[in-house]
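Written out below as structure tokens is the structure these notes cover.
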Amino acid sequence: MARVLRGAWRSPPAAFDLDHGDLVEALPLLLRSGSAGLAWWRARPAGVPPSALKPLHDAAGIHALQGAILQAKIPAAFDRLRARGVEPLLGKGWAVAHLYPRLGLRPYGDIDLYVRPEDEPAARAALDEPGSETLPVDLHRGLAELDDRRFEEVFARSQIRRLDDRDVRVFSPEDHLRLLALHLLRHGAWRPVWLCDLALILESLPPDFDSACFMSGDVARTDAAVCALRLAHELLGASLEGVPVAVRERRLPRWLVPAILRQWGDARFQPHGTRTPMAVELRRPRGLLRALRARWPNGVEATIGRRGPFNDLPRLPFQIGECLARAVHFARPPRALARGAKR
């Protein structure tokens with residue numbers, strides 16, 4: 001998959017070195033991971049047999065239709081929140097998909113909106129308004145992976161983009177690149193298209209991109225984000241021209257690239273949101289081992305979850321620690337979880 005997606009975000013993509021055998025072998029994984037649109041974009045000018053190209057083309061068409069439907073709902077989401085005095089930030093999803101050469105290359109499934117923690121109740125009330133259309137919004141209380149930065153500072157750097165006849169507010173390139181890098185790692189880098197996002201943004205940085213701003217914040221998170229950018233170069237051939245020196249000079253841990261390639265090639269992997277809830281699995285012991293295996297974090301996810309360093313030491317201690325932390329969280333009474341959320 002890494003070879004198939006190499007440079008696939010470019011316009012036009014370089015297709016002369018695309019191996020048809022790689023494409024055929026990777027086809028099921030490309031379709032499953034949401035990378036089919038990019039594979040089709042790169043394979044179009046490469047003389048790929050129609051039998052291999054058609055499923056990719058069909059998937060790209062479905063992604064384009066889904067993207068158009070979601071894009072049409074973004075202004076309505078902003079209207080509702082603004083009517084309650086809430087100004088959200090739009091990230092991921094459309095905020096990166098619209099940077100690609102055409103619709104359908106980068107699929108997304110919802111609208112990620114970030115609001116000040118104190119604005120969350122009003123925002124949820126606006127989205128859950130009785131009698132109103134249900135909008136596919138993933139509402140974030142605070143800045144998620146960017147919570148080592150002050151919301152007001154991130155908001156002050158944000159930018160306005162025109163969508164249809166509305167203005168929508170998106171993260172600055174510095175904040176968005178860092179957000180995307182850390183989000184990729186937090187989820188174990190299981191979707192190749194997330195790494196293509198980083199590659200695309202790296203190769204289209206504005207002339208006034210503030211490297212110091214990208215590198216600011218928690219030191220461990222900064223190093224993790226640097227590793228993610230370096231991965232886009234190592235695995236997909238993204239250019240590192242104009243990026244901070246720390247990115248160009250960062251040597252990746254020996255385990256990191258193999259861990260991600262294993263994750264990409266795991267046809268049995270079930271991402272978050274598609275698994276049977278653990279509470280249900282516990283009621284059927286025969287499948288418990290399978291359920292536990294499905295939840296075993298890869299080295300990337302465990303390192304981020306345990307706030308560990310990206311070095312050459314074994315990842316097993318972090319993986320065990322992350323599993324224990326999840327078990328403790330699962331076993332906590334609902335009231336304790338609610339108190340933790342309020343804090």
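Ordered as shown in the structure tokens, chains take letters A, B, and onward, while each chain numbers its residues from 1 and ligands are numbered from 1 in the order shown.
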Looking only at the backbone, which of the residues in range 174-203 of chain A does DSSP tag as alpha helix (DSSP H), as a list in words?
Glu174, Asp175, His176, Leu177, Arg178, Leu179, Leu180, Ala181, Leu182, His183, Leu184, Leu185, Arg186, Pro192, Val193, Trp194, Leu195, Cys196, Asp197, Leu198, Ala199, Leu200, Ile201 and Leu202 of chain A
Would you mind exporting C-alpha atoms of the selected residues as a short mmCIF file (atom, residue, chain, number, x, y, z; two decimals), in the first residue's frame?
```cif
data_model
loop_
_atom_site.label_atom_id
_atom_site.label_comp_id
_atom_site.auth_asym_id
_atom_site.auth_seq_id
_atom_site.Cartn_x
_atom_site.Cartn_y
_atom_site.Cartn_z
CA GLU A 174 0.58 25.31 11.86
CA ASP A 175 -2.09 24.14 14.30
CA HIS A 176 -3.86 21.92 11.78
CA LEU A 177 -0.69 20.11 10.72
CA ARG A 178 0.15 19.41 14.35
CA LEU A 179 -3.43 18.29 15.07
CA LEU A 180 -3.46 15.89 12.11
CA ALA A 181 -0.05 14.46 13.00
CA LEU A 182 -1.00 13.75 16.61
CA HIS A 183 -4.44 12.41 15.68
CA LEU A 184 -2.80 9.95 13.28
CA LEU A 185 -0.50 8.64 16.00
CA ARG A 186 -3.19 8.53 18.71
CA PRO A 192 -2.83 5.37 5.24
CA VAL A 193 -4.89 8.33 4.01
CA TRP A 194 -4.05 10.18 7.25
CA LEU A 195 -0.38 10.01 6.32
CA CYS A 196 -1.27 11.25 2.83
CA ASP A 197 -2.91 14.25 4.53
CA LEU A 198 0.40 15.12 6.17
CA ALA A 199 2.26 14.64 2.89
CA LEU A 200 -0.17 16.90 1.03
CA ILE A 201 0.09 19.69 3.60
CA LEU A 202 3.89 19.38 3.81
#
```
For range 158-164 of chain A, list every protein, DNA or RNA residue within 10 Å, evaluated using only C-alpha atoms, and leave out those in the same chain fewer than 5 positions away; present the list as a list in words.
Gln71, Ala72, Ile74, Pro75, Leu89, Leu90, Ala95, Glu152, Glu153, Arg169, Val170, Phe171, Ser172, Pro173, Glu174, Asp175 and His176 of chain A
For the residues selected in the previous step, produce a file with all heavy atoms as a CSV table (one decimal), in the first residue's frame.
```csv
chain,number,residue,atom,x,y,z
A,71,GLN,N,-20.3,18.1,2.9
A,71,GLN,CA,-19.9,19.5,2.7
A,71,GLN,C,-21.1,20.4,2.7
A,71,GLN,O,-21.1,21.5,3.2
A,71,GLN,CB,-19.2,19.6,1.3
A,71,GLN,CG,-18.8,21.0,1.0
A,71,GLN,CD,-18.0,21.0,-0.3
A,71,GLN,OE1,-17.0,20.3,-0.4
A,71,GLN,NE2,-18.5,21.7,-1.3
A,72,ALA,N,-22.3,19.9,2.2
A,72,ALA,CA,-23.5,20.7,2.2
A,72,ALA,C,-24.1,21.0,3.5
A,72,ALA,O,-24.8,21.9,3.7
A,72,ALA,CB,-24.5,20.0,1.3
A,74,ILE,N,-22.1,21.4,6.4
A,74,ILE,CA,-21.2,22.2,7.2
A,74,ILE,C,-21.8,23.6,7.5
A,74,ILE,O,-21.8,24.1,8.6
A,74,ILE,CB,-19.8,22.3,6.6
A,74,ILE,CG1,-19.2,20.9,6.6
A,74,ILE,CG2,-18.9,23.2,7.3
A,74,ILE,CD1,-17.9,20.8,5.8
A,75,PRO,N,-22.2,24.4,6.5
A,75,PRO,CA,-22.8,25.7,6.8
A,75,PRO,C,-23.9,25.7,7.8
A,75,PRO,O,-24.0,26.6,8.6
A,75,PRO,CB,-23.2,26.2,5.4
A,75,PRO,CG,-22.4,25.5,4.4
A,75,PRO,CD,-22.2,24.1,5.0
A,89,LEU,N,-14.4,25.8,15.6
A,89,LEU,CA,-13.2,25.6,14.6
A,89,LEU,C,-13.5,24.3,13.9
A,89,LEU,O,-13.8,23.3,14.5
A,89,LEU,CB,-11.9,25.6,15.4
A,89,LEU,CG,-11.4,26.9,15.9
A,89,LEU,CD1,-10.2,26.6,16.9
A,89,LEU,CD2,-10.9,27.8,14.8
A,90,LEU,N,-13.3,24.3,12.6
A,90,LEU,CA,-13.5,23.1,11.8
A,90,LEU,C,-12.1,22.5,11.5
A,90,LEU,O,-11.2,23.2,11.0
A,90,LEU,CB,-14.2,23.5,10.5
A,90,LEU,CG,-14.3,22.4,9.4
A,90,LEU,CD1,-15.3,21.3,9.9
A,90,LEU,CD2,-14.9,23.0,8.1
A,95,ALA,N,-11.8,20.1,6.1
A,95,ALA,CA,-10.7,21.0,6.3
A,95,ALA,C,-9.4,20.6,5.6
A,95,ALA,O,-8.6,21.4,5.2
A,95,ALA,CB,-10.4,21.4,7.7
A,152,GLU,N,-7.6,30.3,23.1
A,152,GLU,CA,-7.7,31.7,22.6
A,152,GLU,C,-6.5,32.0,21.6
A,152,GLU,O,-6.7,32.7,20.6
A,152,GLU,CB,-7.7,32.7,23.7
A,152,GLU,CG,-8.9,32.7,24.6
A,152,GLU,CD,-10.2,32.7,23.7
A,152,GLU,OE1,-10.3,33.5,22.7
A,152,GLU,OE2,-11.2,32.0,24.1
A,153,GLU,N,-5.4,31.4,21.9
A,153,GLU,CA,-4.2,31.6,21.0
A,153,GLU,C,-4.5,30.8,19.6
A,153,GLU,O,-4.2,31.4,18.6
A,153,GLU,CB,-3.0,31.1,21.6
A,153,GLU,CG,-2.5,31.9,22.8
A,153,GLU,CD,-1.3,31.3,23.5
A,153,GLU,OE1,-0.8,30.2,23.1
A,153,GLU,OE2,-0.8,32.0,24.4
A,169,ARG,N,-14.7,28.7,9.8
A,169,ARG,CA,-13.4,29.0,10.5
A,169,ARG,C,-12.7,27.7,10.6
A,169,ARG,O,-13.2,26.7,11.2
A,169,ARG,CB,-13.7,29.6,11.9
A,169,ARG,CG,-12.4,30.1,12.5
A,169,ARG,CD,-12.7,30.8,13.9
A,169,ARG,NE,-13.4,32.0,13.7
A,169,ARG,CZ,-12.9,33.2,13.4
A,169,ARG,NH1,-11.5,33.3,13.3
A,169,ARG,NH2,-13.6,34.3,13.2
A,170,VAL,N,-11.4,27.7,10.1
A,170,VAL,CA,-10.6,26.5,10.2
A,170,VAL,C,-9.3,26.9,11.0
A,170,VAL,O,-8.9,28.0,11.2
A,170,VAL,CB,-10.2,26.0,8.8
A,170,VAL,CG1,-11.4,25.7,8.0
A,170,VAL,CG2,-9.4,27.1,8.0
A,171,PHE,N,-8.6,25.8,11.4
A,171,PHE,CA,-7.3,26.0,12.1
A,171,PHE,C,-6.3,26.6,11.1
A,171,PHE,O,-6.3,26.5,9.9
A,171,PHE,CB,-6.8,24.6,12.5
A,171,PHE,CG,-7.5,24.0,13.7
A,171,PHE,CD1,-8.6,23.2,13.5
A,171,PHE,CD2,-7.2,24.3,15.0
A,171,PHE,CE1,-9.3,22.6,14.5
A,171,PHE,CE2,-7.9,23.7,16.1
A,171,PHE,CZ,-8.9,22.9,15.8
A,172,SER,N,-5.3,27.3,11.7
A,172,SER,CA,-4.2,27.8,11.0
A,172,SER,C,-3.4,26.6,10.4
A,172,SER,O,-3.5,25.5,11.0
A,172,SER,CB,-3.3,28.6,11.9
A,172,SER,OG,-2.6,27.8,12.8
A,173,PRO,N,-2.6,26.7,9.4
A,173,PRO,CA,-1.8,25.6,8.9
A,173,PRO,C,-0.9,25.0,9.9
A,173,PRO,O,-0.7,23.8,10.0
A,173,PRO,CB,-1.0,26.2,7.8
A,173,PRO,CG,-1.8,27.4,7.3
A,173,PRO,CD,-2.4,27.9,8.5
A,174,GLU,N,-0.3,25.8,10.8
A,174,GLU,CA,0.6,25.3,11.9
A,174,GLU,C,-0.2,24.4,12.9
A,174,GLU,O,0.3,23.3,13.2
A,174,GLU,CB,1.2,26.5,12.6
A,174,GLU,CG,2.1,27.3,11.7
A,174,GLU,CD,1.4,28.4,11.0
A,174,GLU,OE1,0.1,28.5,11.1
A,174,GLU,OE2,2.0,29.2,10.2
A,175,ASP,N,-1.3,24.9,13.3
A,175,ASP,CA,-2.1,24.1,14.3
A,175,ASP,C,-2.7,22.9,13.7
A,175,ASP,O,-2.8,21.8,14.3
A,175,ASP,CB,-3.2,25.0,14.9
A,175,ASP,CG,-2.6,26.1,15.8
A,175,ASP,OD1,-1.7,25.8,16.6
A,175,ASP,OD2,-3.1,27.2,15.8
A,176,HIS,N,-3.2,23.0,12.4
A,176,HIS,CA,-3.9,21.9,11.8
A,176,HIS,C,-2.9,20.8,11.5
A,176,HIS,O,-3.2,19.6,11.7
A,176,HIS,CB,-4.6,22.4,10.5
A,176,HIS,CG,-5.7,21.5,10.1
A,176,HIS,ND1,-6.0,21.3,8.8
A,176,HIS,CD2,-6.5,20.6,10.8
A,176,HIS,CE1,-7.0,20.4,8.7
A,176,HIS,NE2,-7.3,20.0,9.9
```
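Near Phe151 in chain A, within 12 Å and counting only C-alpha atoms, sit Glu87, Pro88, Leu89, Tyr114, Val115, Arg116, Pro117, Glu118, Asp119, Arg141, Gly142, Leu143, Ala144, Glu145, Leu146, Ala156, Arg157, Ser158, Phe171 and Asp175 of chain A; same-chain residues fewer than 5 positions away were not included.
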Prev. selection, N, CA and C atoms, output as a short mmCIF file (atom, residue, chain, number, x, y, z; two decimals), in the first residue's frame:
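Result file follows (result.cif):
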```cif
data_model
loop_
_atom_site.label_atom_id
_atom_site.label_comp_id
_atom_site.auth_asym_id
_atom_site.auth_seq_id
_atom_site.Cartn_x
_atom_site.Cartn_y
_atom_site.Cartn_z
N GLU A 87 -18.73 30.10 18.33
CA GLU A 87 -17.95 30.12 17.09
C GLU A 87 -16.99 28.92 17.10
N PRO A 88 -17.28 27.89 16.31
CA PRO A 88 -16.45 26.69 16.33
C PRO A 88 -15.27 26.78 15.37
N LEU A 89 -14.35 25.85 15.56
CA LEU A 89 -13.24 25.65 14.63
C LEU A 89 -13.47 24.33 13.90
N TYR A 114 -14.64 22.01 16.88
CA TYR A 114 -13.97 22.20 18.17
C TYR A 114 -14.48 23.49 18.80
N VAL A 115 -14.91 23.40 20.06
CA VAL A 115 -15.44 24.58 20.74
C VAL A 115 -14.76 24.75 22.09
N ARG A 116 -14.81 25.97 22.63
CA ARG A 116 -14.31 26.22 23.97
C ARG A 116 -15.05 25.32 24.96
N PRO A 117 -14.36 24.81 25.97
CA PRO A 117 -15.04 23.92 26.94
C PRO A 117 -16.30 24.53 27.54
N GLU A 118 -16.26 25.84 27.84
CA GLU A 118 -17.44 26.48 28.43
C GLU A 118 -18.59 26.62 27.43
N ASP A 119 -18.29 26.47 26.14
CA ASP A 119 -19.34 26.60 25.11
C ASP A 119 -19.98 25.26 24.75
N ARG A 141 -14.95 19.00 22.83
CA ARG A 141 -14.88 19.96 23.94
C ARG A 141 -13.40 20.32 24.14
N GLY A 142 -13.03 21.49 23.69
CA GLY A 142 -11.62 21.86 23.72
C GLY A 142 -10.92 21.45 22.44
N LEU A 143 -9.61 21.32 22.52
CA LEU A 143 -8.80 21.15 21.31
C LEU A 143 -8.22 19.75 21.13
N ALA A 144 -8.71 18.78 21.92
CA ALA A 144 -8.25 17.40 21.76
C ALA A 144 -6.71 17.33 21.79
N GLU A 145 -6.11 16.90 20.69
CA GLU A 145 -4.65 16.71 20.66
C GLU A 145 -3.86 18.01 20.83
N LEU A 146 -4.54 19.14 20.72
CA LEU A 146 -3.86 20.44 20.88
C LEU A 146 -4.14 21.07 22.24
N ALA A 156 -7.07 32.72 17.71
CA ALA A 156 -6.54 33.95 17.11
C ALA A 156 -5.76 33.66 15.83
N ARG A 157 -5.18 32.47 15.72
CA ARG A 157 -4.43 32.11 14.51
C ARG A 157 -5.33 31.50 13.44
N SER A 158 -6.57 31.20 13.78
CA SER A 158 -7.46 30.51 12.83
C SER A 158 -7.74 31.38 11.61
N PHE A 171 -8.58 25.81 11.36
CA PHE A 171 -7.32 25.98 12.07
C PHE A 171 -6.27 26.61 11.15
N ASP A 175 -1.32 24.91 13.32
CA ASP A 175 -2.09 24.14 14.30
C ASP A 175 -2.72 22.90 13.65
#
```
For Ala125 in chain A, find every residue with an atom within 10 Å (counting only C-alpha atoms), except residues of its own chain fewer than 3 positions away, and show them as a list in words.
Arg80, Leu81, Arg84, Glu120, Pro121, Ala122, Asp128, Glu129 and Pro130 of chain A
Quick one: write out the picked residues with all heavy atoms as a PDB file, in the first residue's frame?
```pdb
ATOM      1  N   ARG A  80     -26.147  27.015  13.148  1.00  0.00           N
ATOM      2  CA  ARG A  80     -26.793  26.655  14.413  1.00  0.00           C
ATOM      3  C   ARG A  80     -25.955  27.076  15.620  1.00  0.00           C
ATOM      4  O   ARG A  80     -26.474  27.602  16.604  1.00  0.00           O
ATOM      5  CB  ARG A  80     -27.036  25.147  14.465  1.00  0.00           C
ATOM      6  CG  ARG A  80     -28.248  24.725  13.685  1.00  0.00           C
ATOM      7  CD  ARG A  80     -28.755  23.406  14.218  1.00  0.00           C
ATOM      8  NE  ARG A  80     -29.340  22.632  13.147  1.00  0.00           N
ATOM      9  CZ  ARG A  80     -29.655  21.355  13.242  1.00  0.00           C
ATOM     10  NH1 ARG A  80     -29.418  20.703  14.360  1.00  0.00           N
ATOM     11  NH2 ARG A  80     -30.204  20.720  12.223  1.00  0.00           N
ATOM     12  N   LEU A  81     -24.659  26.816  15.543  1.00  0.00           N
ATOM     13  CA  LEU A  81     -23.813  27.165  16.677  1.00  0.00           C
ATOM     14  C   LEU A  81     -23.686  28.672  16.824  1.00  0.00           C
ATOM     15  O   LEU A  81     -23.724  29.206  17.942  1.00  0.00           O
ATOM     16  CB  LEU A  81     -22.431  26.508  16.529  1.00  0.00           C
ATOM     17  CG  LEU A  81     -22.302  25.133  17.206  1.00  0.00           C
ATOM     18  CD1 LEU A  81     -23.256  24.124  16.586  1.00  0.00           C
ATOM     19  CD2 LEU A  81     -20.866  24.625  17.122  1.00  0.00           C
ATOM     20  N   ARG A  84     -26.348  30.420  18.680  1.00  0.00           N
ATOM     21  CA  ARG A  84     -26.254  30.318  20.146  1.00  0.00           C
ATOM     22  C   ARG A  84     -25.020  31.042  20.687  1.00  0.00           C
ATOM     23  O   ARG A  84     -24.656  30.872  21.843  1.00  0.00           O
ATOM     24  CB  ARG A  84     -26.168  28.851  20.543  1.00  0.00           C
ATOM     25  CG  ARG A  84     -27.377  28.023  20.127  1.00  0.00           C
ATOM     26  CD  ARG A  84     -28.393  27.938  21.216  1.00  0.00           C
ATOM     27  NE  ARG A  84     -29.496  27.049  20.853  1.00  0.00           N
ATOM     28  CZ  ARG A  84     -30.176  26.319  21.729  1.00  0.00           C
ATOM     29  NH1 ARG A  84     -29.859  26.385  23.009  1.00  0.00           N
ATOM     30  NH2 ARG A  84     -31.182  25.564  21.330  1.00  0.00           N
ATOM     31  N   GLU A 120     -19.453  24.165  25.304  1.00  0.00           N
ATOM     32  CA  GLU A 120     -19.971  22.855  24.904  1.00  0.00           C
ATOM     33  C   GLU A 120     -21.464  22.684  25.178  1.00  0.00           C
ATOM     34  O   GLU A 120     -22.196  22.196  24.296  1.00  0.00           O
ATOM     35  CB  GLU A 120     -19.184  21.739  25.588  1.00  0.00           C
ATOM     36  CG  GLU A 120     -19.627  20.355  25.123  1.00  0.00           C
ATOM     37  CD  GLU A 120     -19.204  19.245  26.072  1.00  0.00           C
ATOM     38  OE1 GLU A 120     -18.862  19.538  27.235  1.00  0.00           O
ATOM     39  OE2 GLU A 120     -19.252  18.083  25.648  1.00  0.00           O
ATOM     40  N   PRO A 121     -21.983  23.044  26.351  1.00  0.00           N
ATOM     41  CA  PRO A 121     -23.423  22.848  26.570  1.00  0.00           C
ATOM     42  C   PRO A 121     -24.280  23.573  25.539  1.00  0.00           C
ATOM     43  O   PRO A 121     -25.253  23.000  25.014  1.00  0.00           O
ATOM     44  CB  PRO A 121     -23.645  23.408  27.986  1.00  0.00           C
ATOM     45  CG  PRO A 121     -22.317  23.284  28.658  1.00  0.00           C
ATOM     46  CD  PRO A 121     -21.314  23.540  27.577  1.00  0.00           C
ATOM     47  N   ALA A 122     -23.936  24.816  25.240  1.00  0.00           N
ATOM     48  CA  ALA A 122     -24.706  25.573  24.253  1.00  0.00           C
ATOM     49  C   ALA A 122     -24.574  24.945  22.868  1.00  0.00           C
ATOM     50  O   ALA A 122     -25.545  24.888  22.095  1.00  0.00           O
ATOM     51  CB  ALA A 122     -24.241  27.029  24.222  1.00  0.00           C
ATOM     52  N   ASP A 128     -28.654  19.508  19.048  1.00  0.00           N
ATOM     53  CA  ASP A 128     -29.739  18.591  19.408  1.00  0.00           C
ATOM     54  C   ASP A 128     -31.093  19.287  19.447  1.00  0.00           C
ATOM     55  O   ASP A 128     -32.033  18.785  20.062  1.00  0.00           O
ATOM     56  CB  ASP A 128     -29.448  17.961  20.778  1.00  0.00           C
ATOM     57  CG  ASP A 128     -28.178  17.122  20.768  1.00  0.00           C
ATOM     58  OD1 ASP A 128     -27.785  16.663  19.680  1.00  0.00           O
ATOM     59  OD2 ASP A 128     -27.577  16.939  21.843  1.00  0.00           O
ATOM     60  N   GLU A 129     -31.190  20.412  18.809  1.00  0.00           N
ATOM     61  CA  GLU A 129     -32.423  21.195  18.831  1.00  0.00           C
ATOM     62  C   GLU A 129     -33.609  20.360  18.346  1.00  0.00           C
ATOM     63  O   GLU A 129     -33.581  19.790  17.247  1.00  0.00           O
ATOM     64  CB  GLU A 129     -32.245  22.417  17.932  1.00  0.00           C
ATOM     65  CG  GLU A 129     -33.112  23.603  18.286  1.00  0.00           C
ATOM     66  CD  GLU A 129     -32.664  24.832  17.512  1.00  0.00           C
ATOM     67  OE1 GLU A 129     -32.946  24.897  16.305  1.00  0.00           O
ATOM     68  OE2 GLU A 129     -31.996  25.701  18.114  1.00  0.00           O
ATOM     69  N   PRO A 130     -34.679  20.267  19.158  1.00  0.00           N
ATOM     70  CA  PRO A 130     -35.838  19.456  18.756  1.00  0.00           C
ATOM     71  C   PRO A 130     -36.439  19.943  17.432  1.00  0.00           C
ATOM     72  O   PRO A 130     -36.562  21.139  17.197  1.00  0.00           O
ATOM     73  CB  PRO A 130     -36.831  19.668  19.914  1.00  0.00           C
ATOM     74  CG  PRO A 130     -35.985  20.075  21.076  1.00  0.00           C
ATOM     75  CD  PRO A 130     -34.856  20.865  20.501  1.00  0.00           C
TER      76      PRO A 130
END
```
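Distances from A:Val4, A:Cys213, A:Val226, A:Ala14 to Ala26 in chain A were compared using only C-alpha atoms, and the smallest one belongs to A:Val4.
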Looking only at the backbone, which of the residues in range 7-248 of chain A does DSSP tag as strand (DSSP E), as a compact mmCIF listing (two decimals) with N, CA, C and O atoms, in the first residue's frame?
```txt
# COMPACT_ATOMS: atom_id res chain seq x y z
N LEU A 89 -14.35 25.85 15.56
CA LEU A 89 -13.24 25.65 14.63
C LEU A 89 -13.47 24.33 13.90
O LEU A 89 -13.78 23.31 14.53
N LEU A 90 -13.30 24.35 12.59
CA LEU A 90 -13.47 23.15 11.78
C LEU A 90 -12.10 22.53 11.51
O LEU A 90 -11.18 23.22 11.04
N GLY A 91 -11.96 21.24 11.81
CA GLY A 91 -10.70 20.55 11.58
C GLY A 91 -10.91 19.20 10.94
O GLY A 91 -12.03 18.69 10.84
N ILE A 111 -18.36 15.75 10.58
CA ILE A 111 -17.90 17.14 10.61
C ILE A 111 -17.28 17.38 11.98
O ILE A 111 -17.98 17.37 13.00
N ASP A 112 -15.97 17.56 12.03
CA ASP A 112 -15.27 17.76 13.30
C ASP A 112 -15.26 19.23 13.66
O ASP A 112 -14.59 20.04 13.00
N LEU A 113 -15.97 19.57 14.73
CA LEU A 113 -16.03 20.95 15.22
C LEU A 113 -15.46 21.01 16.64
O LEU A 113 -15.79 20.17 17.48
N TYR A 114 -14.64 22.01 16.88
CA TYR A 114 -13.97 22.20 18.17
C TYR A 114 -14.48 23.49 18.80
O TYR A 114 -14.47 24.55 18.15
N VAL A 115 -14.91 23.40 20.06
CA VAL A 115 -15.44 24.58 20.74
C VAL A 115 -14.76 24.75 22.09
O VAL A 115 -14.21 23.80 22.66
N VAL A 137 -22.19 15.77 13.20
CA VAL A 137 -21.12 16.56 13.80
C VAL A 137 -20.44 15.76 14.91
O VAL A 137 -21.12 15.19 15.78
N ASP A 138 -19.13 15.71 14.88
CA ASP A 138 -18.34 15.19 15.99
C ASP A 138 -17.85 16.41 16.76
O ASP A 138 -16.92 17.10 16.34
N LEU A 139 -18.52 16.69 17.89
CA LEU A 139 -18.23 17.90 18.65
C LEU A 139 -17.14 17.64 19.66
O LEU A 139 -17.25 16.73 20.49
N HIS A 140 -16.09 18.45 19.62
CA HIS A 140 -14.95 18.30 20.52
C HIS A 140 -14.98 19.40 21.57
O HIS A 140 -15.01 20.59 21.24
N ARG A 141 -14.95 19.00 22.83
CA ARG A 141 -14.88 19.96 23.94
C ARG A 141 -13.40 20.32 24.14
O ARG A 141 -12.62 19.54 24.66
N GLN A 159 -8.26 30.75 10.57
CA GLN A 159 -8.50 31.43 9.30
C GLN A 159 -9.93 31.20 8.82
O GLN A 159 -10.56 30.20 9.19
N ILE A 160 -10.41 32.11 8.02
CA ILE A 160 -11.75 32.00 7.45
C ILE A 160 -11.64 31.47 6.02
O ILE A 160 -10.83 31.94 5.23
N ARG A 161 -12.46 30.46 5.73
CA ARG A 161 -12.54 29.91 4.37
C ARG A 161 -13.98 30.06 3.89
O ARG A 161 -14.93 29.92 4.66
N ARG A 162 -14.16 30.30 2.60
CA ARG A 162 -15.48 30.45 2.03
C ARG A 162 -15.98 29.08 1.58
O ARG A 162 -15.29 28.36 0.84
N LEU A 163 -17.15 28.69 2.04
CA LEU A 163 -17.77 27.43 1.65
C LEU A 163 -19.19 27.74 1.20
O LEU A 163 -20.02 28.16 2.00
N ARG A 166 -21.14 30.77 2.73
CA ARG A 166 -20.87 31.00 4.14
C ARG A 166 -19.37 31.08 4.40
O ARG A 166 -18.56 30.55 3.64
N ASP A 167 -19.04 31.74 5.49
CA ASP A 167 -17.67 31.73 5.99
C ASP A 167 -17.56 30.65 7.07
O ASP A 167 -18.40 30.59 7.98
N VAL A 168 -16.56 29.80 6.97
CA VAL A 168 -16.30 28.81 8.01
C VAL A 168 -14.90 29.03 8.55
O VAL A 168 -14.00 29.48 7.82
N ARG A 169 -14.73 28.75 9.82
CA ARG A 169 -13.44 29.02 10.48
C ARG A 169 -12.66 27.72 10.62
O ARG A 169 -13.17 26.73 11.16
N VAL A 170 -11.42 27.72 10.13
CA VAL A 170 -10.56 26.53 10.19
C VAL A 170 -9.28 26.86 10.96
O VAL A 170 -8.95 28.02 11.19
```
Just the residues within 9 Å of Ser216 in chain A, please, counting only C-alpha atoms, with nothing from its chain fewer than 5 positions along; format it as a PyMOL selection string.
chain A and resi 149+211+222
I need the chosen residues saved as a PDB file, in the first residue's frame, with N, CA, C and O atoms.
```pdb
ATOM      1  N   ARG A 149      -2.145  23.764  24.164  1.00  0.00           N
ATOM      2  CA  ARG A 149      -2.149  25.144  23.689  1.00  0.00           C
ATOM      3  C   ARG A 149      -3.419  25.840  24.181  1.00  0.00           C
ATOM      4  O   ARG A 149      -4.461  25.193  24.335  1.00  0.00           O
ATOM      5  N   SER A 211       7.233  27.788  11.524  1.00  0.00           N
ATOM      6  CA  SER A 211       7.757  26.533  12.051  1.00  0.00           C
ATOM      7  C   SER A 211       7.837  26.553  13.569  1.00  0.00           C
ATOM      8  O   SER A 211       7.592  25.537  14.232  1.00  0.00           O
ATOM      9  N   THR A 222       5.488  17.399  20.635  1.00  0.00           N
ATOM     10  CA  THR A 222       6.201  17.978  19.491  1.00  0.00           C
ATOM     11  C   THR A 222       7.059  16.928  18.811  1.00  0.00           C
ATOM     12  O   THR A 222       7.058  16.799  17.578  1.00  0.00           O
TER      13      THR A 222
END
```
CA of Ile260 in chain A and CA of Asn298 in chain A, how far apart in Å?
8.4 Å
Among the residues A:Phe310, A:Gly188, A:His63, A:Ala267, the one that comes closest to Cys227 in chain A [using only C-alpha atoms]
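Of A:Phe310, A:Gly188, A:His63, A:Ala267, the one nearest Cys227 in chain A is A:Phe310, counting only C-alpha atoms.
The residue that comes closest to Leu5 in chain A, out of A:Leu53, A:Leu31, A:Leu235, A:Val96 and on the basis of only C-alpha atoms, is A:Leu235.
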When you draw a straight line from CA of Leu29 in chain A to CA of Leu105 in chain A, how long is it in Å?
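Going from CA of Leu29 in chain A over to CA of Leu105 in chain A covers 15.7 Å.
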Can you list, as a PyMOL selection string, every protein, DNA or RNA residue that comes within 10 Å of range 245-253 of chain A when you count only C-alpha atoms, leaving out same-chain residues fewer than 6 positions away?
chain A and resi 211+215+223+225-231+233-234+239+309-313
Best match for closeness to Val48 in chain A among A:Ala76, A:Ala64, A:Ala15, A:Leu261, counting only C-alpha atoms
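Checking each candidate against Val48 in chain A, we get A:Ala15 as the closest.
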